[in-house]
Amino acid sequence: MDQGRGGQSPDSLDFTVENVEKALHQLYYDPNIENKNLAQKWLMQAQVSPQAWQFSWVLLSPDKVPEIQYFGASALHTKISRYWNDIPAEQYESLKSQLFSQIARFASGSKIVLTRLCVALASLALNMMPEAWPAAVSDMVKMFQTESCDVDGQARCLALLELLTVLPEEFQTSRLPQYRKGQVRNALGQESGAVFPLLQQLLQQQDSPSFIKQKVLKCFSSWVQLDVPLSDCESLMQVAFSSLQDPELFDTAVEAIVNAISQPDSQRYVNTLLKLIPQVLQLQEQLRQAVQSGDMETSHGICRIAVALGENHSRALLEQVDHWQSFLALVNMIMFCTGIPGHYPVNETTSSLTLTFWYSAEDDIMSFEANKQVVYMQVYRPVYFQLVDVLLHKAQFPSDEEYSSWSSDEKEQFRIYRVDISDTLMYVYEMLGAELLSNLYDKLGRLLTSTEQPASWQHTEALLYGFQSIAETIDVNYSDVIPGLIGLIPRININNVQLADTVMFTIGALAEWLADHPVMINNVLPLVLHALGNPELSISSVSTLKKICRECKYDLPPYAANIVAVSQVRASAARHETSQCMWLMQALGFLLSALPVEEILRNLQSLISPYIQQLEKLASETPNPSNKLAIIHILGLLSNLFTTLDITRHDDDSGEGSEVKKKLVEPGPNPVVVVLQQVFALIQTVLSKWLNDSQVVEVRMCFVQLAPGSCLQCWWGAGPFAMLCWVGFGFSTLALNRSLFCFQMVHIFASETDHFPPIKALFQLVTTVTLSIFQQGPRDHPDIVDSFMQLQAQALKRKPDLFLSENLDVKAVFHCGVLSLKFPEAPTVKATCLFFVSSALLPPRCLVSGDVPPIGQVVHEDGKLLLQAVLEGIGGQSSRTLVDQFAEILFALNKHCFSYLSLWLKEVLQQPGFPSSRVTQEQKNTFTQQILRERVNKRRVKEMVKEFTLLCRGLHGTEYVADY
């Protein structure tokens, strides 16, 4: 409310009619956004207040404006739907009568108020059905069919239709308990007999205006979503199909038919489905006319109906072998929709609707037993070959002139559409197999060798796209057409960016095949290296080179010098294309891994020297945004190169003959270690100027995070304590990165005896620095607390010995965990719970007898503080989504620290009002007994804790329980 009026704030106003009206006026008309927000907050409180029962009816008075009347109706709905248990049973009839009276009055008034009143009455009916109001729907129909001198027949009819429409919708969103929902659904299903004849009568009446028929169809659409038997809908469905001829009713009729057909239960009514097929097929002429005239709305709607019938019920209809021709006709109608003329999404938007049908139909055909499958394959294999032709035609790009006129959004939609087609083709391969590849190869061969009119690049590109779609996900190594395809690729006249991109991606998809047939590499590698020089082909060419270098690295030494040279030129010319530069470095890492060590070192020298020189120059400059980007770029390049350059791993090939390709590991220095030792001091100098910049240090972490199996070993090769200096550099400001890094180090090296001392030192360093952050106040750093607690949990789980140190303040870690349990951020609390569960799950001898003395001592001395924090969270201080995690701590303590827990529970729960003033001492005692009794079944403990948290929060027995 406007605080200028009498100086009152919204919170100080009583919920009177006058104050509600003032608040509504402020909400709608006050230009000050803060006043609007205050008014909205106050009105939400008013709506749920006990006074709402009084002011709501007054706000519905005829002299009020619709905005005020609407709020009154909404308040009534809120009270009925959310606070039903507050309404005495003796007031049900009075409330029902008042709502009927108001709906009759607003039948000729404001439509938005009428709808809200109908929703309120619908909620009332749902809460009273079936016991208190068994014939609710029939009574509604009778009430509004009764003549009234105050309301004309058309207005009464519209009001009734509105009420009948919102009733199923309100049921879908109601907060009824699950058992009540089942009862009410059954009652509504029985009441459909009072609704459908009325709807059919109104639809068939010649004098019914279009707006009445539209409301009828919407009402029908709403009711079928209650799983009404499809057989009960036959008559109405027939009338709805007839309504498709009326342009004013078309959209609502489509929605009703699709909703009816799509109900999961409708597949049981096969006879009704068989009757629907002819009705759908009769729409083919209307569909063709719509396509010819460019009426996309009509073609879209008819396609939706055909796909809904085919997609939802393909198996049921396929099983009706006596009607196979009817279903085949429906399939062909859907094929027509798939191949509808025009380019998606500019000239048509319908074909994309059909793709999921082809998935489901193929799944159903392939799921039949072998003898039936043979029969279905005879009928449908030709259909799916036709589908491939249709899809590749739809995947074709438009002319260059037309494509250049498309908006960026249209181009993106077309790209996604082609990805969907690619997925469909991959799926179709499951049915058609190698014959599909042969079919595509024959067409491409004829296209490229034809002496007649040259083929359009679009046609060639689409066929290649088909190959690429299949080869990307299907093993084509044994296909006999791939050698021919590799031979055809150099013959393609690549005069278009889209075609060139597809050529590149197709070569990339065949990289594994090339690894098994290295003699063919020279057919395509020159194309890839040439494409690297074209900035427009940056993504496709670099991606393809990376795949070839990864899969064929042992066959590439003869080409290595050329690849490195071309890549260096490409990388220097594409500094701003960061992701492509990184991929290029990864490709070179794969390539160099297969070379002799001296060649690796020689190539590395020429490859990274320019970057080292740049880094030296940057190290002497004053930090600024420009050189920051350059530093990030160079460190990223080096990091990505080292990620894939691994001379120690040569067992990633498999299959016959792979042993021949494997390179023996040569004696000598690891090239990565050599390079890192050379640049270590320089990088430290650069980073010393960027201690507080998370982006720069994040890239530094890539050296140890991107490839734990290789890079980390290289760092250890450079010296474990050098590693500690590297990671520990600038520890005072970047605890998050350090905790995450240390987490990885513990995970990888903790079990290795030789590496344990430096790991232990690193763990102590990270812990000590992070504890200092806690002393300064950790609330501003929930991400640091999150990663720190994950680290502690990992250490306890993988290597409890890390806590055996006089230099590690285990008690401080424990107290930090207790503090972290009270954070409002759920991820932080979850990580902390994991730490405490890990602590409690240590064997009892570790906790008590001294295998890990610091842990046992802390649990013995301060376990009660932990329990208190856990119970505070359960009692309401933390989100209800965390109660399972709190329950796990209780379960772990009960299992391994039973004697302590039994004492702590009694002491802690003796506090008055703890953990909530809503639970009695008796309820707390019961909870204690339940928890202590259950030491085996974790699920039962979680159920007990959920029950107790509902009691603590005052939610037990309320409508929220159903959602919990």
# chains A, B, ... in the order shown; residues from 1 in each chain; ligands from 1
call {"tool": "residues_around", "arguments": {"residues": "Gly301 (chain A)", "least_positions_apart": "4", "cutoff": "10 Å", "atoms": "only C-alpha atoms", "output": "PyMOL selection string"}}
result
chain A and resi 244+250-255+258+287+296-297+305-306+350
call {"tool": "write_last_selection", "arguments": {"atoms": "all heavy atoms", "output": "tab-separated table (two decimals), in the first residue's frame"}}
result
chain	number	residue	atom	x	y	z
A	244	LEU	N	-13.65	-30.17	-38.90
A	244	LEU	CA	-12.40	-29.77	-39.54
A	244	LEU	C	-12.65	-29.04	-40.85
A	244	LEU	O	-11.76	-28.35	-41.37
A	244	LEU	CB	-11.51	-30.99	-39.80
A	244	LEU	CG	-10.94	-31.69	-38.56
A	244	LEU	CD1	-10.29	-33.01	-38.93
A	244	LEU	CD2	-9.92	-30.79	-37.86
A	250	PHE	N	-11.46	-25.26	-37.03
A	250	PHE	CA	-10.39	-26.20	-37.39
A	250	PHE	C	-9.39	-26.41	-36.27
A	250	PHE	O	-9.11	-27.54	-35.86
A	250	PHE	CB	-9.68	-25.71	-38.66
A	250	PHE	CG	-8.59	-26.64	-39.13
A	250	PHE	CD1	-8.89	-27.74	-39.92
A	250	PHE	CD2	-7.26	-26.43	-38.78
A	250	PHE	CE1	-7.90	-28.60	-40.35
A	250	PHE	CE2	-6.26	-27.28	-39.20
A	250	PHE	CZ	-6.59	-28.37	-39.99
A	251	ASP	N	-8.82	-25.34	-35.73
A	251	ASP	CA	-7.76	-25.47	-34.72
A	251	ASP	C	-8.23	-26.18	-33.45
A	251	ASP	O	-7.53	-27.05	-32.92
A	251	ASP	CB	-7.21	-24.08	-34.36
A	251	ASP	CG	-6.41	-23.47	-35.50
A	251	ASP	OD1	-5.96	-24.23	-36.37
A	251	ASP	OD2	-6.26	-22.24	-35.52
A	252	THR	N	-9.41	-25.80	-32.96
A	252	THR	CA	-9.91	-26.43	-31.73
A	252	THR	C	-10.30	-27.89	-31.99
A	252	THR	O	-10.13	-28.74	-31.11
A	252	THR	CB	-11.13	-25.66	-31.19
A	252	THR	OG1	-12.05	-25.39	-32.25
A	252	THR	CG2	-10.71	-24.35	-30.57
A	253	ALA	N	-10.78	-28.19	-33.19
A	253	ALA	CA	-11.12	-29.58	-33.53
A	253	ALA	C	-9.86	-30.44	-33.58
A	253	ALA	O	-9.84	-31.57	-33.08
A	253	ALA	CB	-11.87	-29.64	-34.86
A	254	VAL	N	-8.79	-29.90	-34.19
A	254	VAL	CA	-7.52	-30.64	-34.24
A	254	VAL	C	-7.04	-30.95	-32.82
A	254	VAL	O	-6.65	-32.08	-32.51
A	254	VAL	CB	-6.45	-29.82	-35.00
A	254	VAL	CG1	-5.06	-30.43	-34.80
A	254	VAL	CG2	-6.79	-29.78	-36.48
A	255	GLU	N	-7.07	-29.94	-31.96
A	255	GLU	CA	-6.59	-30.12	-30.58
A	255	GLU	C	-7.39	-31.21	-29.87
A	255	GLU	O	-6.81	-32.05	-29.15
A	255	GLU	CB	-6.70	-28.79	-29.83
A	255	GLU	CG	-5.74	-28.63	-28.67
A	255	GLU	CD	-4.29	-28.64	-29.09
A	255	GLU	OE1	-3.95	-28.05	-30.13
A	255	GLU	OE2	-3.49	-29.26	-28.35
A	258	VAL	N	-6.52	-34.75	-31.43
A	258	VAL	CA	-5.17	-35.18	-31.06
A	258	VAL	C	-5.13	-35.58	-29.59
A	258	VAL	O	-4.52	-36.60	-29.22
A	258	VAL	CB	-4.13	-34.07	-31.36
A	258	VAL	CG1	-2.78	-34.39	-30.73
A	258	VAL	CG2	-3.98	-33.89	-32.86
A	287	LEU	N	-5.81	-32.02	-47.24
A	287	LEU	CA	-4.38	-31.82	-47.01
A	287	LEU	C	-3.69	-31.38	-48.30
A	287	LEU	O	-2.90	-30.41	-48.31
A	287	LEU	CB	-3.76	-33.12	-46.49
A	287	LEU	CG	-2.24	-33.15	-46.33
A	287	LEU	CD1	-1.76	-32.13	-45.31
A	287	LEU	CD2	-1.78	-34.56	-45.92
A	296	MET	N	-0.31	-23.37	-44.53
A	296	MET	CA	0.51	-24.17	-43.63
A	296	MET	C	-0.23	-24.56	-42.36
A	296	MET	O	0.03	-25.61	-41.79
A	296	MET	CB	1.80	-23.42	-43.30
A	296	MET	CG	2.79	-23.38	-44.43
A	296	MET	SD	4.48	-22.93	-43.90
A	296	MET	CE	4.29	-21.18	-43.60
A	297	GLU	N	-1.16	-23.70	-41.88
A	297	GLU	CA	-1.88	-24.02	-40.66
A	297	GLU	C	-2.73	-25.28	-40.84
A	297	GLU	O	-2.73	-26.17	-39.98
A	297	GLU	CB	-2.77	-22.85	-40.24
A	297	GLU	CG	-2.03	-21.66	-39.68
A	297	GLU	CD	-1.35	-20.82	-40.76
A	297	GLU	OE1	-1.67	-21.04	-41.96
A	297	GLU	OE2	-0.52	-19.98	-40.42
A	305	ILE	N	-2.83	-34.82	-36.68
A	305	ILE	CA	-3.80	-35.89	-36.44
A	305	ILE	C	-3.27	-37.22	-36.94
A	305	ILE	O	-3.32	-38.24	-36.23
A	305	ILE	CB	-5.15	-35.54	-37.12
A	305	ILE	CG1	-5.78	-34.31	-36.44
A	305	ILE	CG2	-6.10	-36.73	-37.08
A	305	ILE	CD1	-7.00	-33.77	-37.15
A	306	ALA	N	-2.75	-37.23	-38.18
A	306	ALA	CA	-2.25	-38.49	-38.76
A	306	ALA	C	-1.09	-39.04	-37.93
A	306	ALA	O	-1.03	-40.24	-37.64
A	306	ALA	CB	-1.81	-38.24	-40.20
A	350	THR	N	5.80	-28.44	-41.28
A	350	THR	CA	5.05	-29.65	-40.96
A	350	THR	C	5.91	-30.90	-40.91
A	350	THR	O	5.71	-31.78	-40.07
A	350	THR	CB	3.91	-29.84	-42.00
A	350	THR	OG1	3.03	-28.73	-41.93
A	350	THR	CG2	3.14	-31.12	-41.76
call {"tool": "residues_around", "arguments": {"residues": "Gln69 (chain A)", "least_positions_apart": "3", "cutoff": "10 Å", "atoms": "only C-alpha atoms", "output": "ChimeraX atom specification"}}
result
/A:56-66,72-75,110,112-114,116-117
call {"tool": "residues_around", "arguments": {"residues": "Leu43 (chain A)", "least_positions_apart": "4", "cutoff": "10 Å", "atoms": "only C-alpha atoms", "output": "ChimeraX atom specification"}}
result
/A:1,10,15,19-21,23-24,27,37-39,47-49,71,75
call {"tool": "residues_around", "arguments": {"residues": "Glu616 (chain A)", "least_positions_apart": "4", "cutoff": "12 Å", "atoms": "only C-alpha atoms", "output": "PyMOL selection string"}}
result
chain A and resi 609-612+620-621+627+630-631+634+679-687
call {"tool": "write_last_selection", "arguments": {"atoms": "C-alpha atoms", "output": "PDB file, in the first residue's frame"}}
result
ATOM      1  CA  SER A 609      58.890 -21.239 -29.553  1.00  0.00           C
ATOM      2  CA  PRO A 610      56.773 -18.380 -30.960  1.00  0.00           C
ATOM      3  CA  TYR A 611      54.375 -18.720 -28.033  1.00  0.00           C
ATOM      4  CA  ILE A 612      57.207 -18.781 -25.488  1.00  0.00           C
ATOM      5  CA  SER A 620      57.627  -7.864 -18.902  1.00  0.00           C
ATOM      6  CA  GLU A 621      54.421  -5.871 -19.429  1.00  0.00           C
ATOM      7  CA  ASN A 627      47.656  -9.060 -22.425  1.00  0.00           C
ATOM      8  CA  ALA A 630      46.895 -13.255 -24.761  1.00  0.00           C
ATOM      9  CA  ILE A 631      48.171 -15.071 -21.667  1.00  0.00           C
ATOM     10  CA  ILE A 634      48.899 -19.135 -24.932  1.00  0.00           C
ATOM     11  CA  VAL A 679      58.934 -22.891 -19.222  1.00  0.00           C
ATOM     12  CA  PHE A 680      58.199 -23.406 -15.522  1.00  0.00           C
ATOM     13  CA  ALA A 681      59.981 -20.278 -14.291  1.00  0.00           C
ATOM     14  CA  LEU A 682      58.572 -18.144 -17.097  1.00  0.00           C
ATOM     15  CA  ILE A 683      54.985 -19.187 -16.424  1.00  0.00           C
ATOM     16  CA  GLN A 684      55.460 -18.590 -12.708  1.00  0.00           C
ATOM     17  CA  THR A 685      56.704 -15.082 -13.474  1.00  0.00           C
ATOM     18  CA  VAL A 686      53.655 -14.373 -15.642  1.00  0.00           C
ATOM     19  CA  LEU A 687      51.225 -15.782 -13.123  1.00  0.00           C
TER      20      LEU A 687
END
call {"tool": "atom_distance", "arguments": {"atom1": "CA of Met129 (chain A)", "atom2": "CA of Leu95 (chain A)"}}
result
14.8 Å
call {"tool": "atom_distance", "arguments": {"atom1": "CA of Leu871 (chain A)", "atom2": "CA of Ser917 (chain A)"}}
result
13.0 Å
call {"tool": "residues_around", "arguments": {"residues": "Ile470 (chain A)", "least_positions_apart": "4", "cutoff": "8 Å", "atoms": "only C-alpha atoms", "output": "list in words"}}
result
Ser422, Leu425, Met426, Tyr429, Gly466 and Ile474 of chain A
call {"tool": "residues_around", "arguments": {"residues": "Gly954 (chain A)", "least_positions_apart": "4", "cutoff": "9 Å", "atoms": "only C-alpha atoms", "output": "list in words"}}
result
Arg918, Val919, Thr949, Leu950 and Thr958 of chain A
call {"tool": "write_last_selection", "arguments": {"atoms": "C-alpha atoms", "output": "compact mmCIF listing (two decimals), in the first residue's frame"}}
result
# COMPACT_ATOMS: atom_id res chain seq x y z
CA ARG A 918 5.86 -27.46 17.19
CA VAL A 919 6.97 -30.87 18.51
CA THR A 949 10.69 -32.86 9.89
CA LEU A 950 7.03 -32.50 8.84
CA THR A 958 -1.44 -30.92 5.39
call {"tool": "select_by_dssp", "arguments": {"residues": "region 527-624 of chain A", "states": "helix (DSSP H, G or I)", "output": "mmCIF file with C-alpha atoms, in the first residue's frame"}}
result
data_model
loop_
_atom_site.group_PDB
_atom_site.id
_atom_site.type_symbol
_atom_site.label_atom_id
_atom_site.label_comp_id
_atom_site.auth_asym_id
_atom_site.auth_seq_id
_atom_site.Cartn_x
_atom_site.Cartn_y
_atom_site.Cartn_z
ATOM 1 C CA LEU A 527 41.736 -32.066 -48.909
ATOM 2 C CA VAL A 528 41.712 -31.586 -45.144
ATOM 3 C CA LEU A 529 45.004 -29.674 -45.076
ATOM 4 C CA HIS A 530 43.826 -27.472 -47.934
ATOM 5 C CA ALA A 531 40.567 -26.743 -46.097
ATOM 6 C CA LEU A 532 42.538 -25.650 -43.022
ATOM 7 C CA PRO A 535 38.518 -19.607 -42.332
ATOM 8 C CA GLU A 536 34.946 -20.506 -43.365
ATOM 9 C CA LEU A 537 35.801 -24.196 -42.930
ATOM 10 C CA SER A 538 37.550 -23.711 -39.620
ATOM 11 C CA ILE A 539 35.307 -25.887 -37.446
ATOM 12 C CA SER A 540 34.865 -28.786 -39.866
ATOM 13 C CA SER A 541 38.491 -28.977 -41.059
ATOM 14 C CA VAL A 542 40.083 -28.709 -37.605
ATOM 15 C CA SER A 543 37.598 -31.206 -36.137
ATOM 16 C CA THR A 544 38.349 -33.664 -38.947
ATOM 17 C CA LEU A 545 42.118 -33.273 -38.628
ATOM 18 C CA LYS A 546 41.843 -33.937 -34.892
ATOM 19 C CA LYS A 547 39.901 -37.165 -35.544
ATOM 20 C CA ILE A 548 42.422 -38.336 -38.137
ATOM 21 C CA CYS A 549 45.377 -37.553 -35.874
ATOM 22 C CA ARG A 550 43.734 -39.371 -32.974
ATOM 23 C CA GLU A 551 42.695 -42.496 -34.902
ATOM 24 C CA LYS A 553 48.514 -41.332 -35.583
ATOM 25 C CA TYR A 554 50.742 -44.381 -36.152
ATOM 26 C CA ASP A 555 50.281 -44.047 -39.922
ATOM 27 C CA PRO A 557 54.691 -39.916 -39.548
ATOM 28 C CA PRO A 558 55.275 -39.557 -43.332
ATOM 29 C CA TYR A 559 52.847 -36.613 -43.337
ATOM 30 C CA ALA A 560 53.822 -35.163 -39.960
ATOM 31 C CA ALA A 561 56.062 -32.356 -41.211
ATOM 32 C CA ASN A 562 53.404 -31.137 -43.632
ATOM 33 C CA ILE A 563 50.636 -31.347 -41.028
ATOM 34 C CA VAL A 564 52.680 -29.415 -38.448
ATOM 35 C CA ALA A 565 53.638 -26.734 -40.962
ATOM 36 C CA VAL A 566 50.083 -26.181 -42.197
ATOM 37 C CA SER A 567 48.735 -26.252 -38.628
ATOM 38 C CA GLN A 568 51.237 -23.639 -37.474
ATOM 39 C CA VAL A 569 50.124 -21.292 -40.222
ATOM 40 C CA ARG A 570 46.482 -21.971 -39.397
ATOM 41 C CA ALA A 571 46.993 -21.409 -35.638
ATOM 42 C CA SER A 572 48.835 -18.124 -36.136
ATOM 43 C CA ALA A 573 46.127 -16.869 -38.500
ATOM 44 C CA THR A 578 40.056 -19.935 -29.581
ATOM 45 C CA SER A 579 38.226 -23.258 -29.602
ATOM 46 C CA GLN A 580 39.543 -24.219 -33.071
ATOM 47 C CA CYS A 581 43.107 -23.349 -32.016
ATOM 48 C CA MET A 582 42.752 -25.592 -28.987
ATOM 49 C CA TRP A 583 41.451 -28.472 -31.129
ATOM 50 C CA LEU A 584 44.370 -27.949 -33.490
ATOM 51 C CA MET A 585 46.822 -28.258 -30.626
ATOM 52 C CA GLN A 586 45.093 -31.437 -29.457
ATOM 53 C CA ALA A 587 45.428 -32.822 -32.990
ATOM 54 C CA LEU A 588 49.150 -32.036 -33.015
ATOM 55 C CA GLY A 589 49.524 -33.671 -29.598
ATOM 56 C CA PHE A 590 48.048 -36.909 -30.973
ATOM 57 C CA LEU A 591 50.259 -36.650 -34.062
ATOM 58 C CA LEU A 592 53.508 -36.051 -32.187
ATOM 59 C CA SER A 593 52.812 -38.890 -29.737
ATOM 60 C CA VAL A 597 61.387 -38.649 -29.006
ATOM 61 C CA GLU A 598 63.993 -36.563 -30.812
ATOM 62 C CA GLU A 599 61.463 -35.688 -33.523
ATOM 63 C CA ILE A 600 58.885 -34.783 -30.897
ATOM 64 C CA LEU A 601 61.367 -32.438 -29.227
ATOM 65 C CA ARG A 602 62.359 -30.897 -32.558
ATOM 66 C CA ASN A 603 58.733 -30.297 -33.563
ATOM 67 C CA LEU A 604 57.849 -28.994 -30.113
ATOM 68 C CA GLN A 605 60.699 -26.542 -30.329
ATOM 69 C CA SER A 606 59.474 -25.022 -33.596
ATOM 70 C CA LEU A 607 55.844 -25.307 -32.566
ATOM 71 C CA ILE A 608 55.894 -23.570 -29.215
ATOM 72 C CA SER A 609 58.890 -21.239 -29.553
ATOM 73 C CA PRO A 610 56.773 -18.380 -30.960
ATOM 74 C CA TYR A 611 54.375 -18.720 -28.033
ATOM 75 C CA ILE A 612 57.207 -18.781 -25.488
ATOM 76 C CA GLN A 613 58.610 -15.611 -27.029
ATOM 77 C CA GLN A 614 55.204 -13.958 -26.770
ATOM 78 C CA LEU A 615 54.955 -15.113 -23.171
ATOM 79 C CA GLU A 616 58.366 -13.613 -22.351
ATOM 80 C CA LYS A 617 57.226 -10.304 -23.808
ATOM 81 C CA LEU A 618 53.979 -10.439 -21.825
ATOM 82 C CA ALA A 619 55.891 -11.212 -18.636
#
call {"tool": "residues_around", "arguments": {"residues": "region 371-385 of chain A", "least_positions_apart": "2", "cutoff": "8 Å", "atoms": "only C-alpha atoms", "output": "list in words"}}
result
Ile365, Met366, Ser367, Phe368, Glu369, Leu387, Val388, Asp389, Val428, Met431, Leu432 and Leu436 of chain A
call {"tool": "write_last_selection", "arguments": {"atoms": "N, CA and C atoms", "output": "mmCIF file, in the first residue's frame"}}
result
data_model
loop_
_atom_site.group_PDB
_atom_site.id
_atom_site.type_symbol
_atom_site.label_atom_id
_atom_site.label_comp_id
_atom_site.auth_asym_id
_atom_site.auth_seq_id
_atom_site.Cartn_x
_atom_site.Cartn_y
_atom_site.Cartn_z
ATOM 1 N N ILE A 365 8.164 -52.603 -35.402
ATOM 2 C CA ILE A 365 8.395 -53.661 -36.386
ATOM 3 C C ILE A 365 9.541 -54.561 -35.934
ATOM 4 N N MET A 366 10.630 -53.959 -35.459
ATOM 5 C CA MET A 366 11.803 -54.745 -35.072
ATOM 6 C C MET A 366 11.585 -55.517 -33.770
ATOM 7 N N SER A 367 10.517 -55.187 -33.028
ATOM 8 C CA SER A 367 10.280 -55.869 -31.755
ATOM 9 C C SER A 367 9.445 -57.134 -31.909
ATOM 10 N N PHE A 368 8.869 -57.357 -33.105
ATOM 11 C CA PHE A 368 8.084 -58.576 -33.322
ATOM 12 C C PHE A 368 9.001 -59.790 -33.398
ATOM 13 N N GLU A 369 8.432 -60.964 -33.119
ATOM 14 C CA GLU A 369 9.216 -62.182 -33.232
ATOM 15 C C GLU A 369 9.625 -62.397 -34.693
ATOM 16 N N LEU A 387 11.580 -43.463 -47.674
ATOM 17 C CA LEU A 387 11.759 -42.443 -46.632
ATOM 18 C C LEU A 387 13.159 -41.821 -46.718
ATOM 19 N N VAL A 388 14.182 -42.649 -46.963
ATOM 20 C CA VAL A 388 15.548 -42.125 -47.072
ATOM 21 C C VAL A 388 15.626 -41.096 -48.189
ATOM 22 N N ASP A 389 15.029 -41.415 -49.345
ATOM 23 C CA ASP A 389 15.029 -40.462 -50.470
ATOM 24 C C ASP A 389 14.330 -39.165 -50.082
ATOM 25 N N VAL A 428 17.167 -45.519 -39.213
ATOM 26 C CA VAL A 428 16.691 -46.314 -40.350
ATOM 27 C C VAL A 428 17.713 -47.382 -40.725
ATOM 28 N N MET A 431 17.206 -50.903 -39.668
ATOM 29 C CA MET A 431 16.304 -51.767 -40.430
ATOM 30 C C MET A 431 16.903 -52.147 -41.783
ATOM 31 N N LEU A 432 17.517 -51.198 -42.459
ATOM 32 C CA LEU A 432 17.931 -51.433 -43.851
ATOM 33 C C LEU A 432 19.353 -51.965 -43.960
ATOM 34 N N LEU A 436 21.487 -50.008 -47.342
ATOM 35 C CA LEU A 436 21.269 -48.561 -47.372
ATOM 36 C C LEU A 436 22.533 -47.840 -47.845
#
call {"tool": "closest_residue", "arguments": {"among": "A:Val908, A:Val184, A:Ile334, A:Leu762", "to": "Leu283 (chain A)", "atoms": "only C-alpha atoms"}}
result
A:Ile334
call {"tool": "closest_residue", "arguments": {"among": "A:His313, A:Arg940, A:Lys799, A:Arg415", "to": "Asp265 (chain A)", "atoms": "only C-alpha atoms"}}
result
A:His313
call {"tool": "atom_distance", "arguments": {"atom1": "CA of Gln145 (chain A)", "atom2": "CA of Lys213 (chain A)"}}
result
17.1 Å
call {"tool": "closest_residue", "arguments": {"among": "A:Arg185, A:Lys942, A:Arg953, A:Lys864", "to": "Leu909 (chain A)", "atoms": "only C-alpha atoms"}}
result
A:Lys864
call {"tool": "decode", "arguments": {"residues": "region 807-818 of chain A", "atoms": "N, CA and C atoms", "output": "mmCIF file, in the first residue's frame"}}
result
data_model
loop_
_atom_site.group_PDB
_atom_site.id
_atom_site.type_symbol
_atom_site.label_atom_id
_atom_site.label_comp_id
_atom_site.auth_asym_id
_atom_site.auth_seq_id
_atom_site.Cartn_x
_atom_site.Cartn_y
_atom_site.Cartn_z
ATOM 1 N N ASN A 807 50.439 -31.608 12.321
ATOM 2 C CA ASN A 807 50.291 -30.288 11.717
ATOM 3 C C ASN A 807 48.884 -30.034 11.182
ATOM 4 N N LEU A 808 48.017 -31.048 11.259
ATOM 5 C CA LEU A 808 46.662 -30.896 10.718
ATOM 6 C C LEU A 808 45.683 -30.725 11.874
ATOM 7 N N ASP A 809 44.945 -29.633 11.875
ATOM 8 C CA ASP A 809 43.994 -29.348 12.952
ATOM 9 C C ASP A 809 42.650 -29.995 12.605
ATOM 10 N N VAL A 810 42.546 -31.298 12.949
ATOM 11 C CA VAL A 810 41.341 -32.055 12.614
ATOM 12 C C VAL A 810 40.124 -31.468 13.319
ATOM 13 N N LYS A 811 40.317 -31.020 14.543
ATOM 14 C CA LYS A 811 39.193 -30.453 15.293
ATOM 15 C C LYS A 811 38.645 -29.212 14.590
ATOM 16 N N ALA A 812 39.533 -28.393 14.039
ATOM 17 C CA ALA A 812 39.086 -27.194 13.316
ATOM 18 C C ALA A 812 38.308 -27.584 12.062
ATOM 19 N N VAL A 813 38.782 -28.627 11.369
ATOM 20 C CA VAL A 813 38.059 -29.111 10.187
ATOM 21 C C VAL A 813 36.655 -29.562 10.581
ATOM 22 N N PHE A 814 36.576 -30.304 11.687
ATOM 23 C CA PHE A 814 35.292 -30.791 12.176
ATOM 24 C C PHE A 814 34.351 -29.622 12.480
ATOM 25 N N HIS A 815 34.851 -28.611 13.159
ATOM 26 C CA HIS A 815 34.023 -27.458 13.519
ATOM 27 C C HIS A 815 33.613 -26.654 12.280
ATOM 28 N N CYS A 816 34.503 -26.586 11.286
ATOM 29 C CA CYS A 816 34.135 -25.932 10.026
ATOM 30 C C CYS A 816 32.995 -26.675 9.346
ATOM 31 N N GLY A 817 33.036 -28.012 9.436
ATOM 32 C CA GLY A 817 31.950 -28.805 8.872
ATOM 33 C C GLY A 817 30.634 -28.531 9.565
ATOM 34 N N VAL A 818 30.667 -28.451 10.908
ATOM 35 C CA VAL A 818 29.440 -28.147 11.664
ATOM 36 C C VAL A 818 28.886 -26.794 11.243
#
